[in-house]
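*Asks:* Encoded as structure tokens, here's the structure I'll be asking about.
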Amino acid sequence: MKLRAVFLVLLSLVAMSVSAQKFKPSPAFLKGETQINVIFDYSQVKFDGDSQAEYYKDKGQRWVEEWESKRRDNNANAFISNINDELKKVGTNVDTYPSTPYTMIVDVLDCDFGAYAGPMSVPAKLKCTIKIVKTGTTEVLALVTLKESQNPYTTIGTPVDFDRMYLAFGEMGEEVGELLVKALK
């Protein structure tokens with residue numbers, strides 16, 4: 001009986017933490033929009049809790065150049081692909097559409113690349129604030145801050161740090177898409 005009570009308490013805590021992750025206020029104003037612009041902002045990013053400058057000290061120039069170019073593009077593509085898979089349900093598409101009425105700003109706040117150690121591998125983690133603004137303004141109409149991580153089933157088979165982060169961005173896109181679908185149905 002005590003075990004059942006503990007299980008119910010844990011289940012309710014999980015349900016509360018999941019329900020706490022939603023846009024505030026609701027982005028219901030996006031109903032009927034078929035396209036939403038998206039931009040990624042890394043200006044406030046921390047890496048494993050360190051500033052960008054501090055984290056970059058331990059990385060070679062080649063790593064920094066790759067991260068700031070094609071790897072960021074890959075991450076954006078994973079996010080966009082997964083969010084759009086969800087948004088098909090409501091007839092909306094997110095991509096680079098600078099002339100649309102609304103823009104989604106993905107403020108990347110923290111990147112934890114995880115670690116590859118066979119069965120003891122640690123998934124990559126990502127924290128972002130997703131803001132919806134009227135295109136061309138900075139007034140936030142809706143926002144949510146989320147923490148996502150790489151799917152744990154892919155952790156063991158992903159030795160490259162960039163690839164682990166790519167998977168975390170994909171998970172983030174899926175989560176944001178699910179939240180938007182709930183708001184737009």
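Chain identifiers are assigned as A, B, and so on, following the order in which chains appear in the structure tokens; residues are numbered from 1 within each chain, and ligands are numbered from 1 in order of appearance.
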Hey, which bits of segment 54-172 of chain A sit within 12 Å of segment 26-41 of chain A, and for each residue what's the closest pair of atoms and how far apart in Å (one decimal), counting only C-alpha atoms, rows by chain and increasing number, as JSON lines?
*Replies:*
```
{"residue": "A:Glu68", "atom": "CA", "partner": "A:Asp41", "partner_atom": "CA", "distance": 11.8}
{"residue": "A:Arg72", "atom": "CA", "partner": "A:Phe40", "partner_atom": "CA", "distance": 9.0}
{"residue": "A:Asp73", "atom": "CA", "partner": "A:Phe40", "partner_atom": "CA", "distance": 9.7}
{"residue": "A:Asn74", "atom": "CA", "partner": "A:Phe40", "partner_atom": "CA", "distance": 12.0}
{"residue": "A:Asn75", "atom": "CA", "partner": "A:Phe40", "partner_atom": "CA", "distance": 9.8}
{"residue": "A:Ala76", "atom": "CA", "partner": "A:Phe40", "partner_atom": "CA", "distance": 7.4}
{"residue": "A:Asn77", "atom": "CA", "partner": "A:Phe40", "partner_atom": "CA", "distance": 10.9}
{"residue": "A:Phe79", "atom": "CA", "partner": "A:Val38", "partner_atom": "CA", "distance": 10.2}
{"residue": "A:Ile80", "atom": "CA", "partner": "A:Val38", "partner_atom": "CA", "distance": 8.5}
{"residue": "A:Ile83", "atom": "CA", "partner": "A:Val38", "partner_atom": "CA", "distance": 11.0}
{"residue": "A:Asn84", "atom": "CA", "partner": "A:Gln35", "partner_atom": "CA", "distance": 10.3}
{"residue": "A:Leu87", "atom": "CA", "partner": "A:Thr34", "partner_atom": "CA", "distance": 9.6}
{"residue": "A:Lys88", "atom": "CA", "partner": "A:Thr34", "partner_atom": "CA", "distance": 9.8}
{"residue": "A:Lys89", "atom": "CA", "partner": "A:Thr34", "partner_atom": "CA", "distance": 11.5}
{"residue": "A:Val90", "atom": "CA", "partner": "A:Lys31", "partner_atom": "CA", "distance": 8.4}
{"residue": "A:Gly91", "atom": "CA", "partner": "A:Thr34", "partner_atom": "CA", "distance": 6.0}
{"residue": "A:Thr92", "atom": "CA", "partner": "A:Thr34", "partner_atom": "CA", "distance": 4.2}
{"residue": "A:Asn93", "atom": "CA", "partner": "A:Gln35", "partner_atom": "CA", "distance": 4.8}
{"residue": "A:Val94", "atom": "CA", "partner": "A:Ile36", "partner_atom": "CA", "distance": 4.8}
{"residue": "A:Asp95", "atom": "CA", "partner": "A:Asn37", "partner_atom": "CA", "distance": 5.4}
{"residue": "A:Thr96", "atom": "CA", "partner": "A:Asn37", "partner_atom": "CA", "distance": 5.1}
{"residue": "A:Tyr97", "atom": "CA", "partner": "A:Asn37", "partner_atom": "CA", "distance": 4.4}
{"residue": "A:Pro98", "atom": "CA", "partner": "A:Asn37", "partner_atom": "CA", "distance": 5.7}
{"residue": "A:Ser99", "atom": "CA", "partner": "A:Asn37", "partner_atom": "CA", "distance": 7.8}
{"residue": "A:Thr100", "atom": "CA", "partner": "A:Ile36", "partner_atom": "CA", "distance": 6.2}
{"residue": "A:Pro101", "atom": "CA", "partner": "A:Ile36", "partner_atom": "CA", "distance": 7.5}
{"residue": "A:Tyr102", "atom": "CA", "partner": "A:Ile36", "partner_atom": "CA", "distance": 5.6}
{"residue": "A:Thr103", "atom": "CA", "partner": "A:Asn37", "partner_atom": "CA", "distance": 4.4}
{"residue": "A:Met104", "atom": "CA", "partner": "A:Val38", "partner_atom": "CA", "distance": 4.6}
{"residue": "A:Ile105", "atom": "CA", "partner": "A:Ile39", "partner_atom": "CA", "distance": 5.1}
{"residue": "A:Val106", "atom": "CA", "partner": "A:Phe40", "partner_atom": "CA", "distance": 4.7}
{"residue": "A:Asp107", "atom": "CA", "partner": "A:Asp41", "partner_atom": "CA", "distance": 4.8}
{"residue": "A:Val108", "atom": "CA", "partner": "A:Asp41", "partner_atom": "CA", "distance": 6.0}
{"residue": "A:Leu109", "atom": "CA", "partner": "A:Asp41", "partner_atom": "CA", "distance": 8.8}
{"residue": "A:Asp110", "atom": "CA", "partner": "A:Asp41", "partner_atom": "CA", "distance": 11.6}
{"residue": "A:Cys128", "atom": "CA", "partner": "A:Asp41", "partner_atom": "CA", "distance": 9.6}
{"residue": "A:Thr129", "atom": "CA", "partner": "A:Asp41", "partner_atom": "CA", "distance": 9.8}
{"residue": "A:Ile130", "atom": "CA", "partner": "A:Phe40", "partner_atom": "CA", "distance": 9.5}
{"residue": "A:Lys131", "atom": "CA", "partner": "A:Val38", "partner_atom": "CA", "distance": 9.8}
{"residue": "A:Ile132", "atom": "CA", "partner": "A:Pro27", "partner_atom": "CA", "distance": 7.7}
{"residue": "A:Val133", "atom": "CA", "partner": "A:Asn37", "partner_atom": "CA", "distance": 9.8}
{"residue": "A:Lys134", "atom": "CA", "partner": "A:Asn37", "partner_atom": "CA", "distance": 9.9}
{"residue": "A:Thr135", "atom": "CA", "partner": "A:Asn37", "partner_atom": "CA", "distance": 7.9}
{"residue": "A:Gly136", "atom": "CA", "partner": "A:Asn37", "partner_atom": "CA", "distance": 10.8}
{"residue": "A:Val140", "atom": "CA", "partner": "A:Pro27", "partner_atom": "CA", "distance": 10.6}
{"residue": "A:Leu141", "atom": "CA", "partner": "A:Pro27", "partner_atom": "CA", "distance": 7.4}
{"residue": "A:Ala142", "atom": "CA", "partner": "A:Pro27", "partner_atom": "CA", "distance": 5.7}
{"residue": "A:Leu143", "atom": "CA", "partner": "A:Pro27", "partner_atom": "CA", "distance": 8.3}
{"residue": "A:Val144", "atom": "CA", "partner": "A:Ser26", "partner_atom": "CA", "distance": 9.7}
{"residue": "A:Phe169", "atom": "CA", "partner": "A:Phe40", "partner_atom": "CA", "distance": 11.3}
```
*Asks:* For a test of reading the model, state the distance in Å between atom CA of Asp161 of chain A and atom CA of Phe113 of chain A, rounded to one decimal.
*Replies:*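 According to the coordinates, atom CA of Asp161 of chain A and atom CA of Phe113 of chain A are separated by 5.5 Å.
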*Asks:* As a PyMOL selection string, which residues of segment 9-100 of chain A does DSSP assign to helix (DSSP H, G or I)?
*Replies:* chain A and resi 9-19+28-30+52-57+61-90
*Asks:* Got a sec: who's within 8 Å of Ser121 of chain A, counting only C-alpha atoms, leaving out chain neighbours fewer than 6 positions off, as a ChimeraX atom specification?
*Replies:* /A:114-115,155-156
*Asks:* Taking only C-alpha atoms into account, name the residue in A:Met172, A:Ala124, A:Ala53, A:Leu180 that is nearest to Thr154 of chain A.
*Replies:*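 Closest residue, counting only C-alpha atoms: A:Ala124.
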